[in-house]
$ cat input.txt   # compact mmCIF, C-alpha atoms
# COMPACT_ATOMS: atom_id res chain seq x y z
CA MET A 1 -49.96 13.97 3.47
CA THR A 2 -48.55 17.13 4.96
CA PRO A 3 -45.88 19.11 3.04
CA THR A 4 -43.39 18.46 5.79
CA ARG A 5 -43.95 14.68 5.64
CA ASN A 6 -43.78 14.74 1.83
CA THR A 7 -40.48 16.64 1.94
CA CYS A 8 -39.03 14.12 4.39
CA LEU A 9 -39.95 11.21 2.11
CA ILE A 10 -38.32 12.90 -0.87
CA LEU A 11 -35.16 13.54 1.11
CA PHE A 12 -35.17 9.92 2.33
CA HIS A 13 -35.38 8.58 -1.23
CA LEU A 14 -32.62 10.92 -2.35
CA LEU A 15 -30.46 9.62 0.47
CA LEU A 16 -31.07 6.01 -0.60
CA ILE A 17 -30.16 6.82 -4.19
CA SER A 18 -26.97 8.54 -3.08
CA LEU A 19 -25.89 5.38 -1.28
CA LEU A 20 -26.20 3.20 -4.39
CA PRO A 21 -22.97 2.48 -6.30
CA LEU A 22 -22.64 4.53 -9.44
CA LYS A 23 -21.74 2.91 -12.73
CA ILE A 24 -20.37 5.57 -15.04
CA THR A 25 -19.75 4.55 -18.62
CA SER A 26 -18.26 7.19 -20.87
CA SER A 27 -20.02 7.89 -24.13
CA PRO A 28 -18.21 7.25 -27.42
CA ARG A 29 -17.90 11.00 -27.93
CA THR A 30 -16.33 11.47 -24.49
CA GLN A 31 -13.87 8.65 -25.21
CA ALA A 32 -13.02 10.15 -28.60
CA GLU A 33 -12.29 13.53 -27.04
CA ALA A 34 -10.14 11.85 -24.35
CA LEU A 35 -8.07 10.03 -26.96
CA ILE A 36 -7.49 13.26 -28.87
CA ARG A 37 -6.32 15.01 -25.69
CA TRP A 38 -3.88 12.14 -25.10
CA LYS A 39 -2.68 12.29 -28.70
CA ASN A 40 -2.10 16.04 -28.34
CA SER A 41 0.18 15.36 -25.35
CA PHE A 42 2.65 13.31 -27.43
CA THR A 43 6.09 14.90 -27.32
CA SER A 44 6.76 14.40 -31.02
CA SER A 45 4.52 15.04 -33.97
CA SER A 46 1.66 12.56 -34.10
CA PRO A 47 2.24 9.65 -36.47
CA THR A 48 0.32 9.92 -39.71
CA SER A 49 -1.30 6.57 -38.91
CA LEU A 50 -3.39 8.38 -36.28
CA ALA A 51 -4.81 10.95 -38.68
CA SER A 52 -8.27 9.53 -38.08
CA TRP A 53 -8.03 10.62 -34.42
CA SER A 54 -9.51 14.02 -35.18
CA LEU A 55 -12.11 16.46 -33.80
CA THR A 56 -13.69 16.42 -37.25
CA ASN A 57 -14.17 12.66 -36.96
CA LEU A 58 -15.63 12.34 -33.45
CA SER A 59 -18.74 10.45 -34.56
CA ASN A 60 -16.68 7.75 -36.26
CA LEU A 61 -14.67 6.50 -33.27
CA CYS A 62 -15.16 2.80 -33.97
CA ASN A 63 -13.47 3.21 -37.35
CA TRP A 64 -10.44 5.03 -35.99
CA THR A 65 -7.05 3.45 -36.56
CA SER A 66 -6.05 1.06 -33.73
CA ILE A 67 -9.47 1.25 -32.06
CA VAL A 68 -11.93 -1.62 -31.63
CA CYS A 69 -15.40 -1.08 -30.15
CA ASP A 70 -17.82 -3.44 -28.45
CA SER A 71 -21.51 -3.86 -29.27
CA SER A 72 -22.37 -0.68 -27.37
CA THR A 73 -19.93 1.31 -29.56
CA THR A 74 -17.61 2.07 -26.65
CA VAL A 75 -13.89 1.30 -26.91
CA SER A 76 -12.91 -2.27 -25.98
CA GLN A 77 -9.41 -2.43 -27.51
CA ILE A 78 -6.57 0.01 -28.14
CA ASN A 79 -3.78 -1.56 -30.22
CA LEU A 80 -0.91 0.90 -30.77
CA SER A 81 2.02 -1.49 -31.02
CA ASN A 82 4.89 -0.08 -33.12
CA ALA A 83 3.02 3.17 -33.68
CA ASN A 84 6.07 5.45 -33.34
CA ILE A 85 4.60 7.25 -30.32
CA SER A 86 6.69 9.42 -27.99
CA GLY A 87 5.05 10.64 -24.83
CA SER A 88 3.67 9.25 -21.59
CA LEU A 89 0.56 7.82 -19.98
CA THR A 90 0.20 10.78 -17.62
CA ASP A 91 -2.52 12.38 -19.76
CA PHE A 92 -4.37 9.17 -20.58
CA ASN A 93 -7.82 9.21 -18.95
CA PHE A 94 -8.01 5.70 -17.49
CA THR A 95 -11.34 6.36 -15.74
CA GLY A 96 -13.00 7.01 -19.09
CA PHE A 97 -12.14 3.57 -20.49
CA SER A 98 -13.65 1.12 -18.00
CA THR A 99 -14.82 -1.05 -20.92
CA LEU A 100 -11.27 -1.66 -22.19
CA THR A 101 -10.27 -5.35 -22.44
CA ARG A 102 -7.05 -5.04 -24.46
CA PHE A 103 -4.40 -2.30 -24.21
CA ASP A 104 -1.28 -2.76 -26.35
CA LEU A 105 1.32 0.04 -26.41
CA SER A 106 4.36 -2.16 -27.06
CA SER A 107 7.43 -1.00 -28.99
CA ASN A 108 7.04 2.77 -28.72
CA ASN A 109 8.92 5.54 -26.91
CA LEU A 110 6.59 6.09 -23.98
CA GLU A 111 8.30 7.22 -20.78
CA GLY A 112 7.60 8.22 -17.21
CA PRO A 113 5.77 6.15 -14.60
CA ILE A 114 2.95 3.69 -15.12
CA PRO A 115 0.11 5.64 -13.46
CA SER A 116 -1.60 4.05 -10.46
CA SER A 117 -4.95 4.89 -12.09
CA ILE A 118 -4.33 1.99 -14.49
CA GLY A 119 -5.99 -0.12 -11.79
CA GLY A 120 -9.32 1.29 -12.93
CA LEU A 121 -9.30 -0.80 -16.11
CA SER A 122 -11.23 -3.53 -14.33
CA LYS A 123 -12.17 -5.50 -17.48
CA LEU A 124 -8.66 -5.63 -18.91
CA THR A 125 -7.48 -9.11 -19.93
CA PHE A 126 -4.43 -8.11 -22.02
CA LEU A 127 -1.85 -5.43 -21.13
CA ASP A 128 1.38 -5.00 -23.11
CA LEU A 129 3.64 -2.03 -22.27
CA SER A 130 6.85 -3.78 -23.35
CA THR A 131 9.79 -2.14 -25.15
CA ASN A 132 9.22 1.41 -24.00
CA LEU A 133 10.98 3.72 -21.54
CA PHE A 134 8.67 3.43 -18.53
CA ASP A 135 10.46 3.94 -15.23
CA GLU A 136 9.87 4.04 -11.45
CA ASN A 137 8.11 1.19 -9.65
CA ILE A 138 5.46 -1.20 -10.90
CA PRO A 139 2.37 0.31 -9.25
CA PRO A 140 0.64 -2.17 -6.91
CA GLU A 141 -2.64 -1.02 -8.46
CA VAL A 142 -1.83 -3.22 -11.47
CA THR A 143 -2.95 -6.07 -9.25
CA GLU A 144 -6.49 -4.67 -9.21
CA LEU A 145 -6.76 -5.89 -12.81
CA THR A 146 -8.20 -9.19 -11.63
CA GLU A 147 -9.34 -10.29 -15.12
CA LEU A 148 -5.81 -9.97 -16.51
CA GLN A 149 -4.49 -13.00 -18.38
CA TYR A 150 -1.52 -11.41 -20.19
CA LEU A 151 0.90 -8.88 -18.67
CA ASN A 152 4.08 -7.83 -20.49
CA LEU A 153 6.33 -5.09 -19.05
CA ASN A 154 9.51 -6.39 -20.68
CA ASN A 155 12.35 -4.07 -21.75
CA ASN A 156 11.66 -0.88 -19.83
CA ASN A 157 13.46 0.99 -17.04
CA LEU A 158 11.26 -0.20 -14.19
CA ASN A 159 12.92 -0.47 -10.78
CA GLY A 160 12.20 -1.21 -7.14
CA THR A 161 11.05 -4.52 -5.75
CA ILE A 162 8.56 -6.68 -7.63
CA PRO A 163 5.19 -6.13 -5.87
CA TYR A 164 4.11 -9.36 -4.18
CA GLN A 165 0.50 -8.42 -4.96
CA LEU A 166 1.13 -9.52 -8.56
CA SER A 167 0.49 -13.07 -7.41
CA ASN A 168 -3.11 -12.01 -6.69
CA LEU A 169 -3.66 -12.10 -10.45
CA GLN A 170 -5.04 -15.60 -10.33
CA LYS A 171 -6.17 -15.62 -13.98
CA ILE A 172 -2.76 -14.65 -15.32
CA ARG A 173 -1.25 -16.99 -17.93
CA TYR A 174 1.59 -14.90 -19.34
CA LEU A 175 3.83 -12.72 -17.12
CA ASP A 176 6.94 -11.01 -18.50
CA LEU A 177 8.93 -8.58 -16.34
CA GLY A 178 12.27 -9.20 -18.05
CA SER A 179 14.96 -6.65 -18.97
CA ASN A 180 14.30 -4.07 -16.28
CA TYR A 181 16.03 -3.11 -13.01
CA LEU A 182 13.69 -4.93 -10.65
CA GLU A 183 14.91 -6.07 -7.24
CA THR A 184 14.20 -9.05 -5.04
CA PRO A 185 10.97 -8.97 -3.03
CA ASP A 186 10.07 -11.21 -0.12
CA TRP A 187 9.18 -14.28 -2.18
CA SER A 188 7.41 -15.84 0.82
CA LYS A 189 4.61 -13.29 0.39
CA PHE A 190 3.90 -14.56 -3.12
CA SER A 191 1.27 -17.20 -3.73
CA GLY A 192 1.19 -19.63 -6.63
CA MET A 193 -0.48 -18.65 -9.89
CA PRO A 194 -2.22 -21.85 -10.99
CA LEU A 195 -2.87 -20.85 -14.62
CA LEU A 196 0.55 -19.32 -15.32
CA THR A 197 2.33 -20.93 -18.27
CA HIS A 198 4.94 -18.28 -19.18
CA LEU A 199 7.17 -16.56 -16.59
CA ASN A 200 10.07 -14.33 -17.65
CA LEU A 201 12.17 -12.50 -15.03
CA TYR A 202 15.45 -12.39 -16.97
CA TYR A 203 17.96 -9.51 -16.90
CA ASN A 204 16.96 -7.85 -13.65
CA SER A 205 18.71 -7.36 -10.30
CA LEU A 206 17.34 -10.40 -8.51
CA THR A 207 19.49 -11.90 -5.74
CA PHE A 208 19.30 -14.63 -3.08
CA GLU A 209 17.90 -18.08 -3.80
CA PHE A 210 15.54 -19.58 -6.35
CA PRO A 211 12.12 -17.83 -6.01
CA SER A 212 10.10 -20.31 -3.98
CA PHE A 213 6.66 -19.30 -5.26
CA ILE A 214 7.55 -20.68 -8.70
CA LEU A 215 7.24 -24.20 -7.31
CA ASN A 216 3.52 -23.51 -6.92
CA CYS A 217 3.07 -22.48 -10.56
CA GLN A 218 2.72 -26.02 -11.81
CA ASN A 219 1.39 -25.24 -15.28
CA LEU A 220 4.56 -23.44 -16.34
CA THR A 221 5.91 -24.37 -19.76
CA PHE A 222 8.36 -21.43 -20.02
CA LEU A 223 10.68 -20.22 -17.23
CA ASP A 224 13.51 -17.71 -17.75
CA LEU A 225 15.53 -16.45 -14.75
CA SER A 226 18.73 -15.76 -16.69
CA LEU A 227 21.03 -12.75 -16.25
CA ASN A 228 20.37 -12.18 -12.56
CA GLN A 229 22.43 -12.86 -9.43
CA LEU A 230 20.41 -15.74 -8.01
CA SER A 231 22.41 -18.19 -5.91
CA GLY A 232 22.19 -21.40 -3.92
CA GLN A 233 21.11 -24.79 -5.15
CA ILE A 234 18.26 -25.56 -7.51
CA PRO A 235 15.41 -27.11 -5.51
CA GLU A 236 14.73 -30.75 -6.41
CA LEU A 237 11.04 -29.79 -6.62
CA VAL A 238 11.72 -27.81 -9.80
CA PHE A 239 12.13 -31.12 -11.59
CA THR A 240 9.33 -33.01 -9.86
CA ASP A 241 6.62 -30.34 -9.56
CA LEU A 242 7.15 -28.41 -12.81
CA GLY A 243 6.73 -31.36 -15.12
CA LYS A 244 5.17 -29.32 -17.94
CA LEU A 245 8.31 -27.21 -18.52
CA GLU A 246 9.44 -27.00 -22.13
CA TYR A 247 11.91 -24.12 -21.79
CA LEU A 248 14.23 -23.62 -18.78
CA ASN A 249 16.84 -20.84 -18.75
CA LEU A 250 18.99 -20.21 -15.65
CA THR A 251 22.03 -18.85 -17.55
CA ASP A 252 24.32 -16.22 -15.99
CA ASN A 253 23.47 -16.58 -12.32
CA LEU A 254 25.36 -17.82 -9.28
CA PHE A 255 23.64 -21.17 -8.83
CA GLN A 256 25.90 -23.85 -7.40
CA GLY A 257 26.08 -27.43 -6.23
CA VAL A 258 25.46 -30.70 -8.01
CA PHE A 259 22.92 -30.40 -10.79
CA PRO A 260 19.87 -32.48 -9.78
CA SER A 261 19.85 -35.92 -11.34
CA ASN A 262 16.05 -35.95 -11.55
CA VAL A 263 16.16 -33.49 -14.46
CA SER A 264 15.00 -36.53 -16.44
CA LYS A 265 11.51 -36.02 -14.97
CA LEU A 266 11.05 -32.96 -17.19
CA SER A 267 9.92 -35.13 -20.06
CA ASN A 268 8.54 -32.21 -22.09
CA LEU A 269 11.77 -30.20 -22.01
CA ILE A 270 12.87 -28.79 -25.38
CA GLU A 271 15.55 -26.31 -24.27
CA ILE A 272 17.73 -26.34 -21.15
CA ARG A 273 20.14 -23.44 -20.69
CA VAL A 274 22.12 -23.35 -17.42
CA ALA A 275 25.43 -21.92 -18.68
CA SER A 276 27.68 -19.58 -16.67
CA ASN A 277 26.83 -20.73 -13.16
CA ASN A 278 28.81 -22.67 -10.56
CA PHE A 279 27.30 -26.13 -11.04
CA SER A 280 29.62 -28.97 -10.10
CA GLY A 281 29.69 -32.76 -10.11
CA SER A 282 28.82 -34.81 -13.15
CA ILE A 283 26.34 -34.08 -15.90
CA PRO A 284 23.27 -36.24 -15.11
CA GLU A 285 23.48 -39.47 -17.09
CA ASP A 286 19.71 -39.59 -17.56
CA ILE A 287 19.63 -36.33 -19.49
CA GLY A 288 19.50 -38.44 -22.65
CA ILE A 289 16.05 -39.69 -21.63
CA LEU A 290 14.63 -36.25 -22.49
CA SER A 291 13.79 -37.21 -26.04
CA ASN A 292 12.36 -33.79 -26.98
CA LEU A 293 15.56 -31.87 -26.22
CA GLN A 294 16.77 -29.59 -29.03
CA ILE A 295 19.05 -27.16 -27.15
CA VAL A 296 21.45 -28.10 -24.32
CA GLU A 297 23.71 -25.33 -22.97
CA LEU A 298 25.85 -26.28 -19.97
CA PHE A 299 29.01 -24.31 -20.77
CA ASN A 300 31.10 -22.33 -18.27
CA ASN A 301 30.37 -24.36 -15.13
CA SER A 302 32.43 -26.77 -13.04
CA PHE A 303 31.06 -30.06 -14.33
CA VAL A 304 33.52 -32.96 -14.17
CA GLY A 305 33.71 -36.54 -15.33
CA HIS A 306 32.53 -38.10 -18.53
CA ILE A 307 30.06 -36.71 -21.02
CA PRO A 308 26.95 -38.91 -20.71
CA SER A 309 26.75 -41.38 -23.55
CA SER A 310 22.96 -41.02 -23.37
CA LEU A 311 23.28 -37.68 -25.18
CA GLY A 312 23.71 -39.74 -28.33
CA GLN A 313 20.07 -40.80 -27.99
CA LEU A 314 18.78 -37.26 -28.49
CA LYS A 315 17.52 -37.50 -32.07
CA LYS A 316 16.08 -33.96 -32.07
CA LEU A 317 19.21 -32.29 -30.71
CA GLN A 318 20.25 -29.18 -32.66
CA SER A 319 22.78 -27.54 -30.33
CA LEU A 320 25.00 -28.96 -27.57
CA ASP A 321 27.46 -26.68 -25.75
CA LEU A 322 29.63 -28.12 -22.97
CA ARG A 323 32.61 -25.76 -23.26
CA MET A 324 34.58 -24.55 -20.24
CA ASN A 325 33.90 -27.60 -18.09
CA ALA A 326 36.21 -30.41 -16.98
CA VAL A 327 34.33 -33.11 -18.85
CA LYS A 328 35.56 -35.59 -21.42
CA PHE A 329 34.25 -38.33 -23.63
CA HIS A 330 34.29 -41.95 -22.49
CA SER A 331 37.44 -43.73 -23.63
CA THR A 332 36.82 -46.27 -26.41
CA SER A 333 39.98 -48.24 -25.62
$ encode --input "input.txt" --output "structure tokens"
Amino acid sequence: MTPTRNTCLILFHLLLISLLPLKITSSPRTQAEALIRWKNSFTSSSPTSLASWSLTNLSNLCNWTSIVCDSSTTVSQINLSNANISGSLTDFNFTGFSTLTRFDLSSNNLEGPIPSSIGGLSKLTFLDLSTNLFDENIPPEVTELTELQYLNLNNNNLNGTIPYQLSNLQKIRYLDLGSNYLETPDWSKFSGMPLLTHLNLYYNSLTFEFPSFILNCQNLTFLDLSLNQLSGQIPELVFTDLGKLEYLNLTDNLFQGVFPSNVSKLSNLIEIRVASNNFSGSIPEDIGILSNLQIVELFNNSFVGHIPSSLGQLKKLQSLDLRMNAVKFHSTS
């Protein structure tokens, strides 16, 4: 084989190799150094609980506080809930933690944006950034976390419209975006999330009508839309298609019209809170069929007529609030 031909073959093989996808997994030492750099970026003195995060302890990463490793001794979980951290995620090296499955930073003082590079945590199943000071938009790259089952962004300063791409998270079971400043997206772009059981959108800036995509989340057991400015009537399909609901909270909105009589189809309902809306007409007589009810809050609406006698059948009832309505008990005379 001539030298020229041999050189061409070598170059050809190098070209083939360059076209193959690269799988880069950071070593434990590299991950340890990255965590220390992040720790050093905290805006207040590092909590004493993270003393093990030290350059003198690089070889012992899997025994560091709040760190869990997988069988290959790379980091699989970071659990820093209530760790008294002040800082941001700007200096966190997301690309170096592709093996991460659980990331819990809840109840700290982290601020700034959620970096778009968070989408690189492709194995993540659990993400909790709740009760911090994160602001700006929810980055659409969060929706690249296709293995995600739990997402909690509650109680931050997030704003802008809710990205419709969130509904691409088809494995999601728990979604909490409550207590932010999020605005109404085009709900028609959302698809149903078949495994979703917990949906919390309370205390945001949502307007217009009941979010239509929710009707296609038929495994919901918990739904909270309270403290928004949602209006219009409640779709009848809420009570026929969401039959697994146990908790329903629509309090402090602008919903109106007659409250659907087929509420009795929600046979698993434990709490119903629809106070401070503009509901009118009578309280559905069949509400007493919901034998699991413990909490009923209908106050501050425009209900009229008699209080359903069927409420007396609710043996598990702990709280009933009908104040500020034009309802009265049936006369016994």
$ closest_residue --input "input.txt" --among "A:Thr161, A:Gln77, A:Asn93, A:Ser302" --to "Asn137 of chain A" --atoms "only C-alpha atoms"
A:Thr161
$ closest_residue --input "input.txt" --among "A:Thr65, A:Gln318, A:Ser226, A:Thr99" --to "Lys123 of chain A" --atoms "only C-alpha atoms"
A:Thr99
$ residues_around --input "input.txt" --residues "Gly178 of chain A" --least-positions-apart "6" --cutoff "8 Å" --atoms "only C-alpha atoms" --output "PDB file with C-alpha atoms, keeping the file's coordinate frame"
ATOM      1  CA  LEU A 153       6.330  -5.090 -19.050  1.00  0.00           C
ATOM      2  CA  ASN A 154       9.510  -6.390 -20.680  1.00  0.00           C
ATOM      3  CA  ASN A 155      12.350  -4.070 -21.750  1.00  0.00           C
ATOM      4  CA  ASN A 200      10.070 -14.330 -17.650  1.00  0.00           C
ATOM      5  CA  LEU A 201      12.170 -12.500 -15.030  1.00  0.00           C
ATOM      6  CA  TYR A 202      15.450 -12.390 -16.970  1.00  0.00           C
ATOM      7  CA  TYR A 203      17.960  -9.510 -16.900  1.00  0.00           C
ATOM      8  CA  ASN A 204      16.960  -7.850 -13.650  1.00  0.00           C
TER       9      ASN A 204
END
$ residues_around --input "input.txt" --residues "Glu144 of chain A" --least-positions-apart "2" --cutoff "8 Å" --atoms "only C-alpha atoms" --output "list in words"
Gly119, Gly120, Ser122, Pro140, Glu141, Val142 and Thr146 of chain A
$ residues_around --input "input.txt" --residues "Ala34 of chain A" --least-positions-apart "6" --cutoff "12 Å" --atoms "all atoms listed in the file" --output "mmCIF file with C-alpha atoms, in the coordinates of the input"
data_model
loop_
_atom_site.group_PDB
_atom_site.id
_atom_site.type_symbol
_atom_site.label_atom_id
_atom_site.label_comp_id
_atom_site.auth_asym_id
_atom_site.auth_seq_id
_atom_site.Cartn_x
_atom_site.Cartn_y
_atom_site.Cartn_z
ATOM 1 C CA SER A 26 -18.260 7.190 -20.870
ATOM 2 C CA SER A 27 -20.020 7.890 -24.130
ATOM 3 C CA PRO A 28 -18.210 7.250 -27.420
ATOM 4 C CA ASN A 40 -2.100 16.040 -28.340
ATOM 5 C CA SER A 41 0.180 15.360 -25.350
ATOM 6 C CA TRP A 53 -8.030 10.620 -34.420
ATOM 7 C CA SER A 54 -9.510 14.020 -35.180
ATOM 8 C CA LEU A 55 -12.110 16.460 -33.800
ATOM 9 C CA LEU A 58 -15.630 12.340 -33.450
ATOM 10 C CA LEU A 61 -14.670 6.500 -33.270
ATOM 11 C CA VAL A 75 -13.890 1.300 -26.910
ATOM 12 C CA ASP A 91 -2.520 12.380 -19.760
ATOM 13 C CA PHE A 92 -4.370 9.170 -20.580
ATOM 14 C CA ASN A 93 -7.820 9.210 -18.950
ATOM 15 C CA PHE A 94 -8.010 5.700 -17.490
ATOM 16 C CA THR A 95 -11.340 6.360 -15.740
ATOM 17 C CA GLY A 96 -13.000 7.010 -19.090
ATOM 18 C CA PHE A 97 -12.140 3.570 -20.490
#
$ closest_residue --input "input.txt" --among "A:Leu110, A:Ser71, A:Ala83, A:Val296" --to "Thr43 of chain A" --atoms "all atoms listed in the file"
A:Leu110
$ atom_distance --input "input.txt" --atom1 "atom CA of Asp70 of chain A" --atom2 "atom CA of Glu111 of chain A"
29.2 Å
$ residues_around --input "input.txt" --residues "Asn253 of chain A" --least-positions-apart "4" --cutoff "7 Å" --atoms "all atoms listed in the file" --output "list in words"
Ser226, Leu227, Asn228, Gln229, Leu230, Ser231, Ser276 and Asn277 of chain A
$ closest_residue --input "input.txt" --among "A:Tyr181, A:Phe208, A:Phe134, A:Tyr174" --to "Thr221 of chain A" --atoms "only C-alpha atoms"
A:Tyr174
$ residues_around --input "input.txt" --residues "Asp104 of chain A" --least-positions-apart "2" --cutoff "7 Å" --atoms "all atoms listed in the file" --output "list in words"
Ile78, Asn79, Leu80, Ser81, Arg102, Ser106, Leu127, Asp128 and Leu129 of chain A
$ atom_distance --input "input.txt" --atom1 "atom CA of Asn249 of chain A" --atom2 "atom CA of Ile283 of chain A"
16.5 Å
$ closest_residue --input "input.txt" --among "A:Glu285, A:Asp224, A:Glu246, A:Asp252" --to "Ser267 of chain A" --atoms "all atoms listed in the file"
A:Glu246
$ residues_near_point --input "input.txt" --point "(23.3, -26.6, -16.6)" --cutoff "8 Å" --atoms "only C-alpha atoms" --output "ChimeraX atom specification"
/A:250-251,259,272-275,277,279,297-299,301
$ build_atoms --input "input.txt" --residues "segment 285-311 of chain A" --atoms "N, CA and C atoms" --output "mmCIF file, keeping the file's coordinate frame"
data_model
loop_
_atom_site.group_PDB
_atom_site.id
_atom_site.type_symbol
_atom_site.label_atom_id
_atom_site.label_comp_id
_atom_site.auth_asym_id
_atom_site.auth_seq_id
_atom_site.Cartn_x
_atom_site.Cartn_y
_atom_site.Cartn_z
ATOM 1 N N GLU A 285 23.464 -38.464 -16.035
ATOM 2 C CA GLU A 285 23.480 -39.470 -17.090
ATOM 3 C C GLU A 285 22.127 -39.588 -17.768
ATOM 4 N N ASP A 286 21.044 -39.390 -17.009
ATOM 5 C CA ASP A 286 19.710 -39.590 -17.560
ATOM 6 C C ASP A 286 19.223 -38.444 -18.439
ATOM 7 N N ILE A 287 20.066 -37.458 -18.665
ATOM 8 C CA ILE A 287 19.630 -36.330 -19.490
ATOM 9 C C ILE A 287 19.249 -36.801 -20.892
ATOM 10 N N GLY A 288 19.818 -37.907 -21.332
ATOM 11 C CA GLY A 288 19.500 -38.440 -22.650
ATOM 12 C C GLY A 288 18.115 -39.030 -22.757
ATOM 13 N N ILE A 289 17.429 -39.189 -21.616
ATOM 14 C CA ILE A 289 16.050 -39.690 -21.630
ATOM 15 C C ILE A 289 15.087 -38.634 -22.165
ATOM 16 N N LEU A 290 15.501 -37.356 -22.088
ATOM 17 C CA LEU A 290 14.630 -36.250 -22.490
ATOM 18 C C LEU A 290 14.593 -36.164 -24.012
ATOM 19 N N SER A 291 13.770 -36.978 -24.601
ATOM 20 C CA SER A 291 13.790 -37.210 -26.040
ATOM 21 C C SER A 291 13.384 -35.992 -26.869
ATOM 22 N N ASN A 292 12.778 -34.976 -26.241
ATOM 23 C CA ASN A 292 12.360 -33.790 -26.980
ATOM 24 C C ASN A 292 13.419 -32.692 -27.012
ATOM 25 N N LEU A 293 14.542 -32.909 -26.322
ATOM 26 C CA LEU A 293 15.560 -31.870 -26.220
ATOM 27 C C LEU A 293 16.115 -31.473 -27.589
ATOM 28 N N GLN A 294 16.173 -30.144 -27.807
ATOM 29 C CA GLN A 294 16.770 -29.590 -29.030
ATOM 30 C C GLN A 294 17.988 -28.731 -28.715
ATOM 31 N N ILE A 295 17.957 -28.053 -27.555
ATOM 32 C CA ILE A 295 19.050 -27.160 -27.150
ATOM 33 C C ILE A 295 19.533 -27.554 -25.765
ATOM 34 N N VAL A 296 20.842 -27.801 -25.618
ATOM 35 C CA VAL A 296 21.450 -28.100 -24.320
ATOM 36 C C VAL A 296 22.673 -27.196 -24.162
ATOM 37 N N GLU A 297 22.601 -26.251 -23.226
ATOM 38 C CA GLU A 297 23.710 -25.330 -22.970
ATOM 39 C C GLU A 297 24.147 -25.449 -21.514
ATOM 40 N N LEU A 298 25.307 -26.072 -21.305
ATOM 41 C CA LEU A 298 25.850 -26.280 -19.970
ATOM 42 C C LEU A 298 27.224 -25.632 -19.809
ATOM 43 N N PHE A 299 27.637 -24.810 -20.756
ATOM 44 C CA PHE A 299 29.010 -24.310 -20.770
ATOM 45 C C PHE A 299 29.294 -23.362 -19.585
ATOM 46 N N ASN A 300 30.612 -23.238 -19.300
ATOM 47 C CA ASN A 300 31.100 -22.330 -18.270
ATOM 48 C C ASN A 300 30.530 -22.652 -16.885
ATOM 49 N N ASN A 301 30.685 -23.910 -16.480
ATOM 50 C CA ASN A 301 30.370 -24.360 -15.130
ATOM 51 C C ASN A 301 31.571 -25.123 -14.592
ATOM 52 N N SER A 302 31.347 -25.952 -13.604
ATOM 53 C CA SER A 302 32.430 -26.770 -13.040
ATOM 54 C C SER A 302 32.078 -28.245 -13.095
ATOM 55 N N PHE A 303 31.385 -28.649 -14.159
ATOM 56 C CA PHE A 303 31.060 -30.060 -14.330
ATOM 57 C C PHE A 303 32.348 -30.862 -14.553
ATOM 58 N N VAL A 304 32.354 -32.074 -14.026
ATOM 59 C CA VAL A 304 33.520 -32.960 -14.170
ATOM 60 C C VAL A 304 33.058 -34.330 -14.636
ATOM 61 N N GLY A 305 34.031 -35.168 -14.956
ATOM 62 C CA GLY A 305 33.710 -36.540 -15.330
ATOM 63 C C GLY A 305 33.471 -36.703 -16.802
ATOM 64 N N HIS A 306 32.765 -37.754 -17.132
ATOM 65 C CA HIS A 306 32.530 -38.100 -18.530
ATOM 66 C C HIS A 306 31.250 -37.468 -19.061
ATOM 67 N N ILE A 307 31.267 -37.176 -20.334
ATOM 68 C CA ILE A 307 30.060 -36.710 -21.020
ATOM 69 C C ILE A 307 29.108 -37.902 -21.148
ATOM 70 N N PRO A 308 27.878 -37.765 -20.682
ATOM 71 C CA PRO A 308 26.950 -38.910 -20.710
ATOM 72 C C PRO A 308 26.774 -39.466 -22.121
ATOM 73 N N SER A 309 26.939 -40.747 -22.244
ATOM 74 C CA SER A 309 26.750 -41.380 -23.550
ATOM 75 C C SER A 309 25.300 -41.296 -24.004
ATOM 76 N N SER A 310 24.393 -41.092 -23.037
ATOM 77 C CA SER A 310 22.960 -41.020 -23.370
ATOM 78 C C SER A 310 22.639 -39.824 -24.263
ATOM 79 N N LEU A 311 23.524 -38.833 -24.299
ATOM 80 C CA LEU A 311 23.280 -37.680 -25.180
ATOM 81 C C LEU A 311 23.170 -38.117 -26.636
#
